[in-house]
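Structure record follows, encoded as structure tokens.
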Amino acid sequence: MDHGHIWVRHEVRSTERRCAVTPDDARALVAAGAELTVEESPQRIFPLEAYAAAGARTAPAGSWVDAPDDAFVLGLKELPEGPDRLRHRHIFFGHALKGQAEAPALLERFRAGGGTLLDLEYLVGEDGRRVAAFGYWAGYLGAALGVLQLRGGLAAPLTPTDREELDARLRATTPGGEEAPASTATGATRALVTGALGRSGRGAMDALAVAGITGTGWDREQTRDLDRAALLDHDLLVHCVLATVPSPAFVRPEDVTADGRRLSLVVDVTCDTSSALNLLPVYRELTSWQQPVDRLSDAVDGLPPLDVIAIDNLPSLLPLEASRTYSADLLPTLLTLVTEGPDAPVWARARETFQEALASGSAHGSKG
Ligand SMILES: NC(=O)c1ccc[n+]([C@@H]2O[C@H](COP(=O)([O-])OP(=O)(O)OC[C@H]3O[C@@H](n4cnc5c(N)ncnc54)[C@H](O)[C@@H]3O)[C@@H](O)[C@H]2O)c1
């Protein structure tokens with residue numbers, strides 16, 4: 001049986017400190033019989049020594065290009081621009097299977113080298129649900145940034161932090177907290193989370209709770225007959241819906257001037273601006289760690305200003321927690337690579353998705 005070996009690569013993006021396998025989970029893989037190599041990486045949140053202590057071999061950053069043919073090269077974000085031919089089985093968020101702009105070039109590299117993309121977004125169980133995702137911490141961060149912006153303003157650029165520090169900042173904004181603006185003493189922040197029952201929605205509700213806010217949670221049932229006036233009667237919207245079928249937009253350009261609008265900040269966790277299923281066609285440009293907040297409208301006619309936060313790499317701001325959750329969720333599936341090999345159902349399905357995309361010249365894709 002072809003069990004290959006798992007090769008954890010360095011991330012080329014310097015802000016990417018997360019890793020799909022923690023040292024503890026590396027130990028579990030080695031105990032199950034995996035051959036494990038971990039590359040050096042200056043920014044990774046876990047030190048290389050911890051992987052070595054767990055029984056992994058170590059290798060220089062970027063040396064996966066010379067890894068044995070049977071290696072499964074595991075990362076999170078994009079590969080470096082070279083080599084032109086990819087001969088390995090690569091496990092990462094490829095952004096290449098939904099027809100994204102960068103898809104043809106990456107697929108061509110796989111075609112040229114005979115390699116395979118096992119996209120992390122397409123590791124799904126029989127029920128079609130992803131076995132591992134970063135959604136919880138995306139929602140947590142989205143809601144946390146929203147509250148911090150509303151209650152005093154976010155300092156830019158954003159930099160990675162840990163949960164303890166983030167929670168302390170959230171608690172400091174609660175009435176009586178040391179950073180609490182005068183407004184929190186007089187009126188409670190009204191926050192709405194859409195997609196509240198999903199991974200990111202649950203994270204968002206939890207972060208609001210840390211800030212002392214009982215968020216309103218809407219999922220499919222509450223949006224079936226969308227009450228837009230009720231939506232606009234919140235200060236903060238944290239949008240966490242995984243849209244799969246077309247439905248009416250939640251916030252439209254004309255809502256900016258709607259009578260009685262209370263909404264002053266939209267945090268779009270989905271960042272679906274370029275999707276045909278975008279439910280927030282009120283803004284176009286994503287925001288970033290450098291410029292987290294964009295102003296959509298100044299205060300007019302007694303209505304508050306309207307701002308947006310739409311950052312597509314939120315979980316990277318909490319690299320430790322995001323890595324731990326993701327690695328714990330991914331581990332059972334990685335173990336099947338060791339115990340059953342690449343024909344284990346989850347891997348076979350991901351391979352099929354890739355092969356279909358190659359055959360159709362790119363079709364289906366990712367955020368993380
Ligand atoms: N910004 C980032 O850094 C980042 C990181 C990870 C994930 N994401 C994105 O967050 C989004 C949500 O991911 P998730 O893991 O939470 O998905 P999920 O599948 O766990 O949850 C989605 C929720 O949306 C609900 N939903 C679907 N249609 C709805 C509707 N019309 N009205 C109300 N609720 C509806 C579902 O019932 C479900 O509870 C995805 O678009 C994902 O790509 C963003």
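In the structure tokens, the first chain shown is A, the next is B, and so on; residue numbers restart at 1 for each chain, and ligands run from 1 in the order shown.
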task: Check which residues fall inside 6 Å of ligand 1 when counting only C-alpha atoms and all ligand atoms, and print them as a PyMOL selection string.
output: chain A and resi 134-135+138+194-201+218-220+223+240-243+269-271+311-315+367-368
task: If you run DSSP over the backbone, which residues in segment 161-328 of chain A end up helix (DSSP H, G or I)? Put them as a count of residues only.
output: 54
Could I get the residues of segment 148-246 of chain A with an atom no further than 12 Å from an atom of segment 290-304 of chain A, each paired with its nearest atom pair and that distance in Å to one decimal, using only C-alpha atoms, sorted by chain and residue number, as a Markdown table?
```
| residue | atom | partner | partner_atom | distance |
| --- | --- | --- | --- | --- |
| A:Leu148 | CA | A:Val293 | CA | 11.4 |
| A:Gln149 | CA | A:Val293 | CA | 8.3 |
| A:Leu150 | CA | A:Val293 | CA | 10.9 |
| A:Gly153 | CA | A:Val293 | CA | 9.3 |
| A:Leu154 | CA | A:Pro292 | CA | 7.8 |
| A:Ala155 | CA | A:Pro292 | CA | 8.9 |
| A:Ala156 | CA | A:Gln290 | CA | 5.8 |
| A:Pro157 | CA | A:Gln290 | CA | 4.3 |
| A:Leu158 | CA | A:Gln290 | CA | 6.5 |
| A:Thr159 | CA | A:Gln290 | CA | 9.0 |
| A:Leu232 | CA | A:Leu303 | CA | 11.3 |
| A:Asp233 | CA | A:Leu303 | CA | 11.6 |
| A:His234 | CA | A:Pro304 | CA | 11.6 |
| A:Asp235 | CA | A:Pro304 | CA | 9.5 |
| A:Leu236 | CA | A:Pro304 | CA | 11.9 |
```
message: Applying 8 Å and only C-alpha atoms, which residues near Arg171 of chain A remain after dropping the ones on its own chain fewer than 2 positions away? List them as a PyMOL selection string.
response: chain A and resi 167-169+173-174+177+210-212
message: Give me, as number ranges by chain, all polymer residues having an atom no more than 10 Å from segment 349-362 of chain A, counting only C-alpha atoms and skipping those fewer than 4 positions away in the same chain.
response: A: 89, 91, 96-100, 103-104, 106-108, 110-111, 116-126, 342-345
Among segment 140-299 of chain A, which residues does DSSP mark as strand (DSSP E) when it is run on the backbone? Keep the chain and numbering as in the structure and answer as a PDB file with N, CA and C atoms, in the first residue's frame.
```pdb
ATOM      1  N   ALA A 191     -26.067  43.766  18.350  1.00  0.00           N
ATOM      2  CA  ALA A 191     -25.294  43.043  17.333  1.00  0.00           C
ATOM      3  C   ALA A 191     -26.104  41.887  16.773  1.00  0.00           C
ATOM      4  N   LEU A 192     -26.025  41.715  15.456  1.00  0.00           N
ATOM      5  CA  LEU A 192     -26.731  40.622  14.777  1.00  0.00           C
ATOM      6  C   LEU A 192     -25.696  39.739  14.082  1.00  0.00           C
ATOM      7  N   VAL A 193     -25.808  38.435  14.277  1.00  0.00           N
ATOM      8  CA  VAL A 193     -24.939  37.495  13.563  1.00  0.00           C
ATOM      9  C   VAL A 193     -25.813  36.710  12.594  1.00  0.00           C
ATOM     10  N   THR A 194     -25.512  36.770  11.314  1.00  0.00           N
ATOM     11  CA  THR A 194     -26.258  35.961  10.343  1.00  0.00           C
ATOM     12  C   THR A 194     -25.422  34.724  10.018  1.00  0.00           C
ATOM     13  N   THR A 216     -27.948  38.830  18.634  1.00  0.00           N
ATOM     14  CA  THR A 216     -29.110  38.189  18.027  1.00  0.00           C
ATOM     15  C   THR A 216     -28.560  37.250  16.965  1.00  0.00           C
ATOM     16  N   GLY A 217     -29.000  36.002  16.973  1.00  0.00           N
ATOM     17  CA  GLY A 217     -28.501  35.044  15.995  1.00  0.00           C
ATOM     18  C   GLY A 217     -29.578  34.679  14.991  1.00  0.00           C
ATOM     19  N   TRP A 218     -29.284  34.877  13.701  1.00  0.00           N
ATOM     20  CA  TRP A 218     -30.219  34.462  12.652  1.00  0.00           C
ATOM     21  C   TRP A 218     -29.544  33.397  11.809  1.00  0.00           C
ATOM     22  N   LEU A 236     -24.369  46.573  14.746  1.00  0.00           N
ATOM     23  CA  LEU A 236     -23.305  45.752  14.144  1.00  0.00           C
ATOM     24  C   LEU A 236     -23.910  44.516  13.489  1.00  0.00           C
ATOM     25  N   LEU A 237     -23.503  44.270  12.240  1.00  0.00           N
ATOM     26  CA  LEU A 237     -23.878  43.015  11.572  1.00  0.00           C
ATOM     27  C   LEU A 237     -22.602  42.211  11.344  1.00  0.00           C
ATOM     28  N   VAL A 238     -22.573  40.973  11.838  1.00  0.00           N
ATOM     29  CA  VAL A 238     -21.445  40.069  11.549  1.00  0.00           C
ATOM     30  C   VAL A 238     -22.019  38.983  10.650  1.00  0.00           C
ATOM     31  N   HIS A 239     -21.612  39.012   9.384  1.00  0.00           N
ATOM     32  CA  HIS A 239     -22.241  38.179   8.362  1.00  0.00           C
ATOM     33  C   HIS A 239     -21.426  36.899   8.138  1.00  0.00           C
ATOM     34  N   LEU A 265     -21.932  49.396  11.287  1.00  0.00           N
ATOM     35  CA  LEU A 265     -20.746  48.604  10.919  1.00  0.00           C
ATOM     36  C   LEU A 265     -21.165  47.220  10.436  1.00  0.00           C
ATOM     37  N   VAL A 266     -20.672  46.884   9.240  1.00  0.00           N
ATOM     38  CA  VAL A 266     -20.899  45.552   8.678  1.00  0.00           C
ATOM     39  C   VAL A 266     -19.561  44.821   8.692  1.00  0.00           C
ATOM     40  N   VAL A 267     -19.509  43.668   9.345  1.00  0.00           N
ATOM     41  CA  VAL A 267     -18.313  42.834   9.252  1.00  0.00           C
ATOM     42  C   VAL A 267     -18.688  41.655   8.374  1.00  0.00           C
ATOM     43  N   ASP A 268     -18.076  41.584   7.200  1.00  0.00           N
ATOM     44  CA  ASP A 268     -18.410  40.500   6.277  1.00  0.00           C
ATOM     45  C   ASP A 268     -17.361  39.390   6.389  1.00  0.00           C
ATOM     46  N   ASP A 294     -13.278  50.338   6.084  1.00  0.00           N
ATOM     47  CA  ASP A 294     -13.569  51.250   4.977  1.00  0.00           C
ATOM     48  C   ASP A 294     -14.861  52.001   5.269  1.00  0.00           C
ATOM     49  N   ARG A 295     -14.902  53.256   4.964  1.00  0.00           N
ATOM     50  CA  ARG A 295     -16.134  54.024   5.164  1.00  0.00           C
ATOM     51  C   ARG A 295     -16.990  53.931   3.906  1.00  0.00           C
ATOM     52  N   LEU A 296     -18.230  53.458   4.070  1.00  0.00           N
ATOM     53  CA  LEU A 296     -19.125  53.364   2.917  1.00  0.00           C
ATOM     54  C   LEU A 296     -19.960  54.626   2.793  1.00  0.00           C
ATOM     55  N   SER A 297     -20.296  55.216   3.937  1.00  0.00           N
ATOM     56  CA  SER A 297     -21.116  56.432   3.906  1.00  0.00           C
ATOM     57  C   SER A 297     -20.856  57.254   5.153  1.00  0.00           C
TER      58      SER A 297
END
```
message: So that I can check the surroundings of Gly115 of chain A, please list as a list in words every protein, DNA and RNA residue that reaches within 10 Å of it, counting only C-alpha atoms and ignoring chain neighbours fewer than 5 positions away.
response: Asp69, Arg85, Leu86, Arg87, His88, Arg89, His90, Leu107, Arg109 and Phe110 of chain A
Output the selection as a PDB file, in the first residue's frame - C-alpha atoms for each residue.
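Final file, part37.pdb:
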```pdb
ATOM      1  CA  ASP A  69       8.002  11.337  -5.018  1.00  0.00           C
ATOM      2  CA  ARG A  85       6.179  21.462 -12.726  1.00  0.00           C
ATOM      3  CA  LEU A  86       4.574  20.080  -9.606  1.00  0.00           C
ATOM      4  CA  ARG A  87       5.115  16.344  -9.263  1.00  0.00           C
ATOM      5  CA  HIS A  88       3.988  15.764  -5.660  1.00  0.00           C
ATOM      6  CA  ARG A  89       0.634  15.341  -4.015  1.00  0.00           C
ATOM      7  CA  HIS A  90       0.052  18.758  -2.423  1.00  0.00           C
ATOM      8  CA  LEU A 107      -3.546  23.746 -12.550  1.00  0.00           C
ATOM      9  CA  ARG A 109       1.810  23.423 -13.034  1.00  0.00           C
ATOM     10  CA  PHE A 110       0.133  20.271 -11.748  1.00  0.00           C
TER      11      PHE A 110
END
```
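Distance-wise, atom CA of Val308 of chain A and atom CA of Ala207 of chain A end up 18.2 Å apart.
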- request: Please provide the set of residues having any atom within 10 Å of segment 331-341 of chain A, restricted to only C-alpha atoms, with same-chain residues fewer than 6 positions apart removed, written as a VMD selection string.
  value: chain A and resid 1 to 6 20 to 22 25 to 26 28 to 30 32 to 35 72 123 to 125 131 to 132 347 to 348
message: Residues near Ile213 of chain A, anyone? I mean within 8 Å using only C-alpha atoms, not counting same-chain ones fewer than 4 positions away, as a list in words.
response: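 Selected residues are Ala188, Thr189, Arg190, Ala191, Leu208 and Ala209 of chain A.
Of the listed residues A:Pro42, A:Arg163, A:Ile309, A:Gly55, the one whose atoms come nearest to Val147 of chain A is A:Ile309, with distances taken using only C-alpha atoms.
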